[in-house]
file input31.txt (compact mmCIF, C-alpha atoms and all ligand atoms)
# COMPACT_ATOMS: atom_id res chain seq x y z
CA MET A 249 0.00 0.00 0.00
CA THR A 250 1.27 3.45 -0.74
CA ALA A 251 0.36 6.74 0.86
CA ALA A 252 -0.86 8.15 -2.40
CA PRO A 253 -4.61 8.36 -2.64
CA HIS A 254 -5.76 5.94 -5.32
CA GLY A 255 -9.50 5.62 -5.07
CA GLU A 256 -9.79 2.72 -7.43
CA ARG A 257 -7.24 0.42 -5.91
CA ARG A 258 -8.36 -2.35 -3.55
CA SER A 259 -6.80 -1.69 -0.19
CA PRO A 260 -5.33 -4.54 1.79
CA GLY A 261 -6.35 -2.61 4.92
CA MET A 262 -4.46 -1.23 7.89
CA ARG A 263 -4.62 -2.57 11.43
CA LEU A 264 -4.54 0.01 14.14
CA ASP A 265 -4.30 -0.86 17.84
CA ILE A 266 -4.77 1.85 20.46
CA VAL A 267 -3.96 1.27 24.13
CA SER A 268 -5.28 3.72 26.70
CA ILE A 269 -6.74 3.94 30.18
CA PHE A 270 -9.56 5.97 28.61
CA PRO A 271 -10.86 3.96 25.66
CA GLU A 272 -14.01 6.11 25.72
CA TYR A 273 -12.01 8.89 24.10
CA PHE A 274 -12.06 7.02 20.82
CA SER A 275 -15.77 6.93 20.04
CA PRO A 276 -15.28 9.68 17.41
CA LEU A 277 -13.51 7.04 15.34
CA ASP A 278 -16.94 5.53 14.71
CA VAL A 279 -18.11 8.46 12.62
CA SER A 280 -17.40 10.30 9.40
CA LEU A 281 -14.56 9.34 7.06
CA ILE A 282 -12.79 7.13 9.58
CA GLY A 283 -16.02 5.40 10.62
CA LYS A 284 -16.80 4.66 6.97
CA ALA A 285 -13.26 3.44 6.33
CA ARG A 286 -13.74 1.02 9.22
CA GLU A 287 -17.05 -0.20 7.87
CA ARG A 288 -15.47 -0.81 4.50
CA GLY A 289 -12.52 -2.62 6.03
CA THR A 290 -9.88 -0.13 4.93
CA LEU A 291 -9.12 0.42 8.60
CA ASP A 292 -9.32 -2.16 11.37
CA VAL A 293 -9.26 -0.19 14.63
CA ARG A 294 -8.99 -1.97 17.99
CA VAL A 295 -9.08 0.02 21.20
CA HIS A 296 -7.70 -1.66 24.32
CA GLN A 297 -8.00 -0.86 28.00
CA LEU A 298 -4.48 -0.84 29.46
CA ARG A 299 -5.82 -1.78 32.89
CA ASP A 300 -6.77 -5.19 31.49
CA TRP A 301 -3.13 -6.11 31.84
CA THR A 302 -2.78 -5.15 35.50
CA HIS A 303 -2.81 -7.84 38.19
CA ASP A 304 -3.75 -5.96 41.34
CA VAL A 305 -7.20 -5.23 42.65
CA HIS A 306 -6.81 -1.49 42.02
CA LYS A 307 -5.63 -2.02 38.44
CA THR A 308 -2.67 0.24 39.07
CA VAL A 309 -0.88 1.61 36.01
CA ASP A 310 1.33 4.31 37.55
CA ASP A 311 3.86 4.89 40.30
CA THR A 312 6.01 7.71 41.69
CA PRO A 313 8.96 8.87 39.57
CA TYR A 314 12.50 7.81 40.45
CA GLY A 315 14.51 10.90 41.32
CA GLY A 316 11.50 12.61 42.80
CA GLY A 317 9.40 15.36 41.32
CA PRO A 318 5.71 15.89 40.75
CA GLY A 319 3.26 13.55 39.09
CA MET A 320 3.28 9.86 38.35
CA VAL A 321 4.91 7.68 35.72
CA MET A 322 3.24 4.79 33.92
CA LYS A 323 4.66 1.43 34.99
CA PRO A 324 6.66 -0.57 32.45
CA GLU A 325 5.33 -4.03 33.36
CA VAL A 326 1.74 -3.33 32.40
CA TRP A 327 2.78 -1.72 29.13
CA GLY A 328 5.06 -4.65 28.35
CA GLU A 329 2.28 -7.17 28.89
CA ALA A 330 -0.20 -5.15 26.86
CA ILE A 331 2.11 -4.64 23.90
CA ASP A 332 3.32 -8.26 23.90
CA ALA A 333 -0.26 -9.54 23.91
CA ILE A 334 -1.34 -7.23 21.10
CA ILE A 335 1.66 -8.18 18.98
CA ALA A 336 1.00 -11.87 19.57
CA ASP A 337 -2.64 -11.37 18.61
CA GLY A 338 -1.79 -9.42 15.48
CA ARG A 339 0.63 -12.09 14.38
CA ALA A 340 -1.84 -14.88 15.01
CA ALA A 341 -4.57 -12.98 13.23
CA GLY A 342 -2.37 -12.13 10.29
CA SER A 343 -0.87 -15.55 9.98
CA PRO A 344 -1.81 -17.38 6.82
CA ALA A 345 -2.31 -20.44 9.01
CA ALA A 346 -4.97 -18.71 11.08
CA ASP A 347 -8.58 -19.56 10.38
CA SER A 348 -9.58 -16.02 9.67
CA PRO A 349 -7.41 -13.03 8.94
CA ILE A 350 -9.00 -10.88 11.61
CA THR A 351 -11.67 -12.19 13.85
CA GLY A 352 -14.18 -10.46 16.04
CA SER A 353 -13.71 -6.83 16.93
CA PRO A 354 -16.91 -5.43 15.52
CA ILE A 355 -16.55 -2.02 14.06
CA THR A 356 -18.98 -0.36 16.39
CA GLY A 357 -18.75 -2.32 19.56
CA SER A 358 -20.55 -5.34 20.76
CA PRO A 359 -24.10 -5.59 19.53
CA ALA A 360 -25.27 -6.47 23.01
CA THR A 361 -24.21 -3.20 24.55
CA GLY A 362 -24.00 -0.82 21.67
CA SER A 363 -20.66 0.31 23.00
CA PRO A 364 -18.81 2.35 20.45
CA ILE A 365 -15.55 0.99 21.71
CA THR A 366 -14.19 -1.99 19.90
CA GLY A 367 -13.23 -5.11 21.72
CA SER A 368 -10.53 -5.23 24.22
CA PRO A 369 -9.33 -8.41 25.80
CA ILE A 370 -6.95 -10.49 23.81
CA THR A 371 -6.36 -14.09 24.71
CA GLY A 372 -3.33 -14.08 26.91
CA SER A 373 -4.34 -10.99 28.82
CA PRO A 374 -5.29 -11.49 32.45
CA ALA A 375 -8.55 -13.27 32.93
CA THR A 376 -10.08 -10.30 34.64
CA GLY A 377 -12.46 -9.52 31.85
CA SER A 378 -12.66 -6.22 30.17
CA PRO A 379 -14.11 -3.09 31.66
CA ILE A 380 -15.08 -2.19 28.13
CA THR A 381 -17.62 -4.55 26.76
CA GLY A 382 -16.62 -5.79 23.42
CA SER A 383 -15.86 -9.02 21.76
CA PRO A 384 -12.51 -10.62 22.26
CA ILE A 385 -10.20 -10.28 19.32
CA THR A 386 -9.19 -13.89 19.19
CA GLY A 387 -11.43 -16.77 19.93
CA SER A 388 -14.49 -15.23 18.40
CA PRO A 389 -15.69 -16.67 15.16
CA ALA A 390 -14.99 -14.92 11.93
CA THR A 391 -17.73 -12.36 11.76
CA GLY A 392 -17.42 -11.51 8.14
CA SER A 393 -15.22 -8.52 8.86
CA PRO A 394 -14.46 -6.86 5.55
CA PHE A 395 -10.90 -6.41 6.68
CA ALA A 396 -8.83 -8.36 4.20
CA GLY A 397 -5.28 -7.42 5.03
CA GLY A 398 -3.43 -7.42 8.28
CA PRO A 399 0.00 -8.06 9.57
CA GLU A 400 2.10 -11.00 8.48
CA ALA A 401 2.71 -13.74 11.01
CA SER A 402 6.22 -12.46 11.60
CA ALA A 403 5.36 -8.77 11.39
CA THR A 404 5.68 -6.18 14.09
CA PRO A 405 3.62 -3.03 14.37
CA ARG A 406 5.15 0.36 14.17
CA ILE A 407 4.68 1.74 17.66
CA ILE A 408 3.68 5.38 18.08
CA VAL A 409 3.92 7.06 21.47
CA PRO A 410 2.32 10.51 21.55
CA THR A 411 4.24 12.88 23.79
CA PRO A 412 4.99 16.60 23.81
CA SER A 413 8.68 15.61 23.93
CA GLY A 414 8.49 13.79 20.60
CA ARG A 415 9.39 14.74 17.03
CA PRO A 416 6.75 16.93 15.40
CA PHE A 417 3.98 14.98 13.69
CA THR A 418 3.80 16.38 10.15
CA GLN A 419 1.94 15.66 6.94
CA GLU A 420 5.05 13.89 5.71
CA ILE A 421 5.00 11.56 8.72
CA ALA A 422 1.25 11.03 8.23
CA GLN A 423 2.01 9.91 4.66
CA GLU A 424 4.76 7.62 5.84
CA LEU A 425 2.52 6.05 8.50
CA ALA A 426 -0.34 5.66 6.02
CA ALA A 427 1.89 3.24 4.12
CA GLU A 428 2.30 0.93 7.13
CA PRO A 429 0.15 -2.20 7.51
CA TRP A 430 0.02 -2.05 11.29
CA LEU A 431 0.29 0.75 13.83
CA LEU A 432 0.11 0.50 17.61
CA PHE A 433 -0.56 3.71 19.53
CA ALA A 434 0.43 3.74 23.22
CA CYS A 435 -1.36 6.58 25.00
CA GLY A 436 0.53 7.86 28.02
CA ARG A 437 -1.08 9.80 30.88
CA TYR A 438 0.43 11.58 33.87
CA GLU A 439 4.14 12.32 33.35
CA GLY A 440 4.40 9.68 30.63
CA ILE A 441 5.45 6.06 30.20
CA ASP A 442 8.60 4.63 31.83
CA SER A 443 11.29 5.19 29.17
CA ARG A 444 12.45 1.58 29.28
CA VAL A 445 9.28 0.58 27.41
CA MET A 446 10.35 2.62 24.38
CA ARG A 447 13.90 1.28 24.70
CA GLU A 448 12.73 -2.33 24.97
CA TYR A 449 10.52 -2.23 21.88
CA GLY A 450 12.77 0.21 20.04
CA ALA A 451 15.42 -2.51 19.95
CA ARG A 452 13.05 -4.84 18.08
CA MET A 453 10.80 -2.61 16.04
CA ARG A 454 10.25 0.94 14.97
CA VAL A 455 9.10 3.14 17.87
CA ASP A 456 8.31 6.81 17.25
CA GLU A 457 7.63 9.38 19.93
CA LEU A 458 5.57 12.09 18.23
CA SER A 459 4.19 15.46 19.29
CA ILE A 460 1.21 17.14 17.67
CA GLY A 461 2.25 20.62 18.78
CA ASP A 462 4.05 22.77 21.27
CA TYR A 463 1.50 22.54 24.06
CA VAL A 464 0.83 19.95 26.72
CA LEU A 465 -2.36 17.90 26.70
CA ALA A 466 -3.63 15.87 29.62
CA GLY A 467 -2.69 12.65 27.84
CA GLY A 468 -1.96 11.09 24.47
CA GLU A 469 -5.57 10.24 23.55
CA VAL A 470 -6.47 13.45 21.74
CA ALA A 471 -3.11 13.42 19.97
CA VAL A 472 -3.87 9.90 18.74
CA LEU A 473 -7.27 11.01 17.45
CA VAL A 474 -5.51 13.76 15.52
CA MET A 475 -2.94 11.39 14.08
CA VAL A 476 -5.45 8.68 13.19
CA GLU A 477 -7.58 11.18 11.29
CA ALA A 478 -4.59 12.61 9.45
CA ILE A 479 -3.34 9.12 8.55
CA GLY A 480 -6.75 7.58 7.87
CA ARG A 481 -7.81 10.16 5.31
CA LEU A 482 -4.74 9.31 3.25
CA LEU A 483 -5.62 5.63 2.94
CA PRO A 484 -6.73 4.52 -0.50
CA GLY A 485 -10.41 5.19 -1.10
CA VAL A 486 -11.05 7.10 2.13
CA LEU A 487 -11.37 10.56 0.63
CA GLY A 488 -14.28 11.02 -1.75
CA ASN A 489 -12.26 13.05 -4.19
CA VAL A 490 -9.07 11.14 -4.96
CA HIS A 491 -7.26 14.37 -5.74
CA SER A 492 -8.06 16.32 -2.62
CA ALA A 493 -5.13 15.08 -0.53
CA VAL A 494 -2.70 16.20 -3.24
CA ASP A 495 -3.75 19.85 -2.85
CA ASP A 496 -3.67 19.82 0.96
CA SER A 497 -1.53 22.26 2.82
CA PHE A 498 1.88 20.69 3.45
CA ALA A 499 1.28 17.86 0.96
CA PRO A 500 4.56 16.64 -0.49
CA GLY A 501 4.92 17.90 -4.04
CA ALA A 502 3.79 21.34 -5.16
CA MET A 503 2.28 22.12 -1.73
CA ARG A 504 5.34 21.25 0.33
CA ASN A 505 5.88 24.15 2.76
CA LEU A 506 2.77 25.91 1.48
CA LEU A 507 -0.59 26.56 3.12
CA GLU A 508 -3.69 26.14 0.99
CA GLY A 509 -5.28 29.43 -0.07
CA PRO A 510 -8.91 30.53 0.38
CA VAL A 511 -11.80 28.56 -1.11
CA TYR A 512 -15.26 29.63 -2.32
CA THR A 513 -18.55 28.09 -3.39
CA LYS A 514 -21.91 29.41 -4.65
CA PRO A 515 -23.41 32.00 -4.58
CA PRO A 516 -21.04 34.25 -6.56
CA VAL A 517 -21.96 37.21 -4.35
CA TRP A 518 -22.78 36.82 -0.65
CA ARG A 519 -23.58 39.87 1.52
CA GLY A 520 -21.77 41.98 -1.03
CA HIS A 521 -18.61 39.83 -0.98
CA GLU A 522 -17.67 38.61 -4.45
CA VAL A 523 -15.92 35.43 -5.40
CA PRO A 524 -12.61 36.32 -7.13
CA GLU A 525 -13.42 36.67 -10.83
CA VAL A 526 -10.65 34.36 -12.00
CA LEU A 527 -12.37 31.42 -10.29
CA LEU A 528 -15.45 31.97 -12.45
CA SER A 529 -13.41 32.27 -15.65
CA GLY A 530 -13.09 28.56 -16.40
CA HIS A 531 -9.46 29.22 -17.35
CA HIS A 532 -7.61 26.36 -15.66
CA GLY A 533 -4.12 27.81 -16.10
CA LYS A 534 -5.07 31.17 -14.62
CA ILE A 535 -6.93 29.49 -11.76
CA ALA A 536 -3.92 27.32 -10.91
CA ARG A 537 -1.67 30.39 -10.96
CA TRP A 538 -4.07 32.34 -8.74
CA ARG A 539 -4.24 29.48 -6.27
CA ARG A 540 -0.48 29.27 -6.07
CA ASP A 541 -0.21 33.04 -5.54
CA GLU A 542 -2.74 32.88 -2.74
CA ALA A 543 -0.94 29.92 -1.16
CA LEU A 544 2.33 31.83 -1.23
CA ARG A 545 0.71 34.98 0.20
CA ARG A 546 -0.98 33.08 3.00
CA THR A 547 2.15 31.15 3.89
CA VAL A 548 4.27 34.31 4.04
CA ALA A 549 1.62 35.99 6.23
CA ASN A 550 0.81 33.10 8.58
CA ARG A 551 3.86 30.86 8.59
CA PRO A 552 6.94 32.83 7.51
CA GLU A 553 9.23 30.10 8.85
CA LEU A 554 7.57 27.63 6.46
CA ALA A 555 7.80 30.04 3.53
CA ALA A 556 11.48 30.61 4.28
CA ALA A 557 12.06 26.86 4.00
CA ILE A 558 10.61 26.60 0.47
CA ASP A 559 13.19 25.07 -1.85
CA PRO A 560 14.20 27.99 -4.16
CA GLU A 561 14.49 25.44 -7.00
CA THR A 562 10.72 24.94 -6.85
CA LEU A 563 10.00 28.66 -7.41
CA ASP A 564 9.24 29.87 -10.92
CA LYS A 565 9.67 33.41 -12.25
CA HIS A 566 6.17 34.41 -11.23
CA ASP A 567 6.63 33.04 -7.69
CA ARG A 568 9.83 35.02 -7.30
CA LYS A 569 8.16 38.21 -8.54
CA LEU A 570 5.34 37.78 -6.05
CA LEU A 571 7.73 37.13 -3.17
CA ASP A 572 9.68 40.26 -4.18
CA GLU A 573 6.44 42.27 -4.04
CA LEU A 574 5.84 40.88 -0.57
CA ALA A 575 9.43 41.82 0.32
CA PHE A 576 9.99 38.23 1.36
CA ARG A 577 13.19 36.35 0.75
CA VAL A 578 13.22 32.56 0.78
CA GLY A 579 16.07 31.34 2.94
CA PRO A 580 17.14 31.30 6.55
CA GLU A 581 17.55 35.09 6.88
CA ASP A 582 13.75 35.60 6.87
CA MET A 583 13.15 32.99 9.55
CA ALA A 584 13.16 35.52 12.37
CA ASN A 585 10.61 37.85 10.70
N1 LIG B 1 0.56 14.34 25.10
C1 LIG B 1 0.46 15.48 25.79
N2 LIG B 1 0.71 16.54 25.03
C2 LIG B 1 0.97 16.05 23.78
C3 LIG B 1 1.32 16.65 22.57
N3 LIG B 1 1.44 17.97 22.42
N4 LIG B 1 1.52 15.85 21.51
C4 LIG B 1 1.42 14.52 21.62
N5 LIG B 1 1.10 13.91 22.76
C5 LIG B 1 0.89 14.65 23.84

call {"tool": "encode", "arguments": {"input": "input31.txt", "output": "C-alpha cells", "more": "lines below"}}
Ligand code: ADE
result
Amino acid sequence: MTAAPHGERRSPGMRLDIVSIFPEYFSPLDVSLIGKARERGTLDVRVHQLRDWTHDVHKTVDDTPYGGGPGMVMKPEVWGEAIDAIIADGRAAGSPAADSPITGSPITGSPATGSPITGSPITGSPATGSPITGSPITGSPATGSPFAGGPEASATPRIIVPTPSGRPFTQEIAQELAAEPWLLFACGRYEGIDSRVMREYGARMRVDELSIGDYVLAGGEVAVLVMVEAIGRLLPGVLGNVHSAVDDSFAPGAMRNLLEGPVYTKPPVWRGHEVPEVLLSGHHGKIARWRRDEALRRTVANRPELAAAIDPETLDKHDRKLLDELAFRVGPEDMAN
C-alpha cells in the first residue's frame, strides 16, 4: 500500500491498535470518514483498555517517579504485557495459518451493549475480563469482517507514542505512517510512560515518539485522534475526491511548505462579498496560478518560517516576482521575521 490516494485500488487494509486507560475517548472514530473506512474494512481499529493487563485489585498503572518530582509515571510491566499480547494477537490474526485473517472486533462495539468501543481483551491478557464490553479479538468466530489485510505472522507493528517531547507529527509523517500495515498507539497519561518501554521495543521494532504541537495535553488520547484522522484520510479510497489530498496544505509535491489558499462556493456574491473573478473564468491555467499566488501569500503571512524553507528550486519566475512584491526572501535570513 502506498500513501498516495488511489481511489480505485483495492486496499489490503491497515490494522490500528490503540492502548489507553480511557478507551471512551475514541468513540469519534466511529463516525465520518474514519467510521466509513472502518465499515469498508480499509481500517481495522482496535481500542484496548491498558488496565486489562494489570494484576492488582486497584488495576494500578502508575507509580512515583524515580529521582523525585511531581506527578506519576506509567509502569513498564503493564505496558510490556499489553504490547506483547497485542503483537501476539496481530501475528496470530495475520498468519496465513490462522482460520480467519482478523476475527471479532466489531466495528462499532458489541451488539449487546452498543458500546462504540471496539473489543478489548486479547487471549493471553489477564482473565479479569474487560471493563469495556466488546468481543474478544481472538477466539471469536470470523464475523465476516471486511478487513482483508493485516500483519504478516512475523510482522511487528510500528509503535507510536504521543508525547509533547516527541518529534513533530507532520503531513510527511502522516504519509509515511499511512503506508504501514500495522500501527500500535500507546497513550501515556500523567508524566508519561517509563522510558524503558520505548527502549525495549525500540530494539526490536520501529518506535516513534511524536508530538502534535508545542503545548501539553492531559494525555496522548487526543493526539492519537488527531494522528489517526490525518493518517486515515490518506488511505486509498477514504477521501471522496481522490485528488483532494494532493492539494492539501503541506502535501509533499507542489504544496510542500505551502498553506492552501482561500476557497469559495456558490453563490457568486454573498452579503456583497464577491468570489474572485478568476475562479469563475473557467481558465484552468489562470486558476492554478491564482491558487499558487494565494498559497504563497498566505504562507508568508501566517507561517513565515515555512515560507522561508521553500526550496528555491521549486520557485518559478512568477513566484519570485510575487515574493519580491511581498518583500519576502526565501532562505534562513527571513526565519526571524
Ligand atoms: N501528550 C500530551 N501533550 C501532547 C502533545 N502535544 N503531543 C502529543 N502527545 C501529547

call {"tool": "residues_around", "arguments": {"input": "input31.txt", "residues": "Asp311 in chain A", "least_positions_apart": "5", "cutoff": "9 Å", "atoms": "all atoms listed in the file", "output": "list in words"}}
result
Gly319, Met320, Val321, Met322 and Lys323 of chain A

call {"tool": "closest_residue", "arguments": {"input": "input31.txt", "among": "A:Ala502, A:Leu291, A:Leu465, A:Val526", "to": "Pro429 in chain A", "atoms": "all atoms listed in the file"}}
result
A:Leu291

call {"tool": "residues_near_point", "arguments": {"input": "input31.txt", "point": "(-3.5, 32.7, -1.5)", "cutoff": "12 Å", "atoms": "all atoms listed in the file", "output": "compact mmCIF listing (two decimals) with C-alpha atoms, in the frame of the given file"}}
result
# COMPACT_ATOMS: atom_id res chain seq x y z
CA SER A 497 -1.53 22.26 2.82
CA LEU A 506 2.77 25.91 1.48
CA LEU A 507 -0.59 26.56 3.12
CA GLU A 508 -3.69 26.14 0.99
CA GLY A 509 -5.28 29.43 -0.07
CA PRO A 510 -8.91 30.53 0.38
CA VAL A 511 -11.80 28.56 -1.11
CA PRO A 524 -12.61 36.32 -7.13
CA ILE A 535 -6.93 29.49 -11.76
CA ALA A 536 -3.92 27.32 -10.91
CA ARG A 537 -1.67 30.39 -10.96
CA TRP A 538 -4.07 32.34 -8.74
CA ARG A 539 -4.24 29.48 -6.27
CA ARG A 540 -0.48 29.27 -6.07
CA ASP A 541 -0.21 33.04 -5.54
CA GLU A 542 -2.74 32.88 -2.74
CA ALA A 543 -0.94 29.92 -1.16
CA LEU A 544 2.33 31.83 -1.23
CA ARG A 545 0.71 34.98 0.20
CA ARG A 546 -0.98 33.08 3.00
CA THR A 547 2.15 31.15 3.89
CA VAL A 548 4.27 34.31 4.04
CA ALA A 549 1.62 35.99 6.23
CA ASN A 550 0.81 33.10 8.58
CA ASP A 567 6.63 33.04 -7.69
CA LEU A 570 5.34 37.78 -6.05

call {"tool": "closest_residue", "arguments": {"input": "input31.txt", "among": "A:Phe433, A:Phe274, A:Phe498, A:Tyr438", "to": "Ile334 in chain A", "atoms": "all atoms listed in the file"}}
result
A:Phe433

call {"tool": "residues_near_ligand", "arguments": {"input": "input31.txt", "ligand": "ligand LIG 1 (chain B)", "cutoff": "6 Å", "atoms": "only C-alpha atoms and all ligand atoms", "output": "list in words"}}
result
Pro410, Thr411, Pro412, Leu458, Ser459, Ile460, Gly461, Asp462, Tyr463, Val464, Leu465, Ala466, Gly467, Gly468 and Ala471 of chain A

call {"tool": "atom_distance", "arguments": {"input": "input31.txt", "atom1": "CA of Arg481 in chain A", "atom2": "CA of Phe270 in chain A"}}
result
23.7 Å

call {"tool": "residues_around", "arguments": {"input": "input31.txt", "residues": "Ile407 in chain A", "least_positions_apart": "2", "cutoff": "7 Å", "atoms": "all atoms listed in the file", "output": "tab-separated table (two decimals) with C-alpha atoms, in the frame of the given file"}}
result
chain	number	residue	atom	x	y	z
A	405	PRO	CA	3.62	-3.03	14.37
A	409	VAL	CA	3.92	7.06	21.47
A	431	LEU	CA	0.29	0.75	13.83
A	432	LEU	CA	0.11	0.50	17.61
A	433	PHE	CA	-0.56	3.71	19.53
A	454	ARG	CA	10.25	0.94	14.97
A	455	VAL	CA	9.10	3.14	17.87
A	456	ASP	CA	8.31	6.81	17.25

call {"tool": "residues_around", "arguments": {"input": "input31.txt", "residues": "Glu469 in chain A", "least_positions_apart": "4", "cutoff": "8 Å", "atoms": "only C-alpha atoms", "output": "ChimeraX atom specification"}}
result
/A:268,270,273-274,435-436,473

call {"tool": "atom_distance", "arguments": {"input": "input31.txt", "atom1": "CA of Val578 in chain A", "atom2": "CA of Ala556 in chain A"}}
result
4.4 Å

call {"tool": "closest_residue", "arguments": {"input": "input31.txt", "among": "A:Arg568, A:Arg339, A:Arg415, A:Lys534", "to": "Ala403 in chain A", "atoms": "all atoms listed in the file"}}
result
A:Arg339

call {"tool": "residues_around", "arguments": {"input": "input31.txt", "residues": "Ile269 in chain A", "least_positions_apart": "2", "cutoff": "7 Å", "atoms": "all atoms listed in the file", "output": "PyMOL selection string"}}
result
chain A and resi 271+297-299

call {"tool": "closest_residue", "arguments": {"input": "input31.txt", "among": "A:Ala336, A:Thr562, A:Gln423, A:Val293", "to": "Val494 in chain A", "atoms": "only C-alpha atoms"}}
result
A:Gln423

call {"tool": "atom_distance", "arguments": {"input": "input31.txt", "atom1": "CA of Glu272 in chain A", "atom2": "CA of Pro318 in chain A"}}
result
26.7 Å

call {"tool": "decode", "arguments": {"input": "input31.txt", "residues": "range 262-314 of chain A", "atoms": "C-alpha atoms", "output": "PDB file, in the first residue's frame"}}
result
ATOM      1  CA  MET A 262      -4.456  -1.233   7.890  1.00  0.00           C
ATOM      2  CA  ARG A 263      -4.618  -2.569  11.426  1.00  0.00           C
ATOM      3  CA  LEU A 264      -4.542   0.012  14.140  1.00  0.00           C
ATOM      4  CA  ASP A 265      -4.298  -0.859  17.837  1.00  0.00           C
ATOM      5  CA  ILE A 266      -4.766   1.846  20.457  1.00  0.00           C
ATOM      6  CA  VAL A 267      -3.961   1.269  24.134  1.00  0.00           C
ATOM      7  CA  SER A 268      -5.279   3.723  26.697  1.00  0.00           C
ATOM      8  CA  ILE A 269      -6.737   3.938  30.180  1.00  0.00           C
ATOM      9  CA  PHE A 270      -9.563   5.973  28.612  1.00  0.00           C
ATOM     10  CA  PRO A 271     -10.858   3.960  25.659  1.00  0.00           C
ATOM     11  CA  GLU A 272     -14.013   6.110  25.721  1.00  0.00           C
ATOM     12  CA  TYR A 273     -12.008   8.891  24.100  1.00  0.00           C
ATOM     13  CA  PHE A 274     -12.061   7.022  20.816  1.00  0.00           C
ATOM     14  CA  SER A 275     -15.771   6.926  20.037  1.00  0.00           C
ATOM     15  CA  PRO A 276     -15.278   9.680  17.410  1.00  0.00           C
ATOM     16  CA  LEU A 277     -13.509   7.035  15.341  1.00  0.00           C
ATOM     17  CA  ASP A 278     -16.939   5.528  14.712  1.00  0.00           C
ATOM     18  CA  VAL A 279     -18.107   8.463  12.623  1.00  0.00           C
ATOM     19  CA  SER A 280     -17.399  10.300   9.395  1.00  0.00           C
ATOM     20  CA  LEU A 281     -14.559   9.336   7.057  1.00  0.00           C
ATOM     21  CA  ILE A 282     -12.794   7.133   9.583  1.00  0.00           C
ATOM     22  CA  GLY A 283     -16.022   5.395  10.618  1.00  0.00           C
ATOM     23  CA  LYS A 284     -16.799   4.663   6.968  1.00  0.00           C
ATOM     24  CA  ALA A 285     -13.256   3.437   6.331  1.00  0.00           C
ATOM     25  CA  ARG A 286     -13.737   1.021   9.220  1.00  0.00           C
ATOM     26  CA  GLU A 287     -17.053  -0.195   7.868  1.00  0.00           C
ATOM     27  CA  ARG A 288     -15.467  -0.813   4.496  1.00  0.00           C
ATOM     28  CA  GLY A 289     -12.516  -2.616   6.029  1.00  0.00           C
ATOM     29  CA  THR A 290      -9.883  -0.132   4.933  1.00  0.00           C
ATOM     30  CA  LEU A 291      -9.116   0.419   8.600  1.00  0.00           C
ATOM     31  CA  ASP A 292      -9.324  -2.163  11.369  1.00  0.00           C
ATOM     32  CA  VAL A 293      -9.256  -0.192  14.628  1.00  0.00           C
ATOM     33  CA  ARG A 294      -8.991  -1.969  17.988  1.00  0.00           C
ATOM     34  CA  VAL A 295      -9.083   0.025  21.205  1.00  0.00           C
ATOM     35  CA  HIS A 296      -7.704  -1.663  24.321  1.00  0.00           C
ATOM     36  CA  GLN A 297      -8.003  -0.862  28.000  1.00  0.00           C
ATOM     37  CA  LEU A 298      -4.475  -0.843  29.457  1.00  0.00           C
ATOM     38  CA  ARG A 299      -5.823  -1.784  32.887  1.00  0.00           C
ATOM     39  CA  ASP A 300      -6.773  -5.191  31.491  1.00  0.00           C
ATOM     40  CA  TRP A 301      -3.128  -6.112  31.841  1.00  0.00           C
ATOM     41  CA  THR A 302      -2.778  -5.151  35.499  1.00  0.00           C
ATOM     42  CA  HIS A 303      -2.813  -7.843  38.186  1.00  0.00           C
ATOM     43  CA  ASP A 304      -3.751  -5.958  41.340  1.00  0.00           C
ATOM     44  CA  VAL A 305      -7.197  -5.226  42.649  1.00  0.00           C
ATOM     45  CA  HIS A 306      -6.806  -1.493  42.019  1.00  0.00           C
ATOM     46  CA  LYS A 307      -5.628  -2.025  38.439  1.00  0.00           C
ATOM     47  CA  THR A 308      -2.671   0.239  39.067  1.00  0.00           C
ATOM     48  CA  VAL A 309      -0.881   1.606  36.009  1.00  0.00           C
ATOM     49  CA  ASP A 310       1.326   4.313  37.554  1.00  0.00           C
ATOM     50  CA  ASP A 311       3.860   4.892  40.299  1.00  0.00           C
ATOM     51  CA  THR A 312       6.014   7.715  41.690  1.00  0.00           C
ATOM     52  CA  PRO A 313       8.957   8.869  39.574  1.00  0.00           C
ATOM     53  CA  TYR A 314      12.497   7.813  40.454  1.00  0.00           C
TER      54      TYR A 314
END
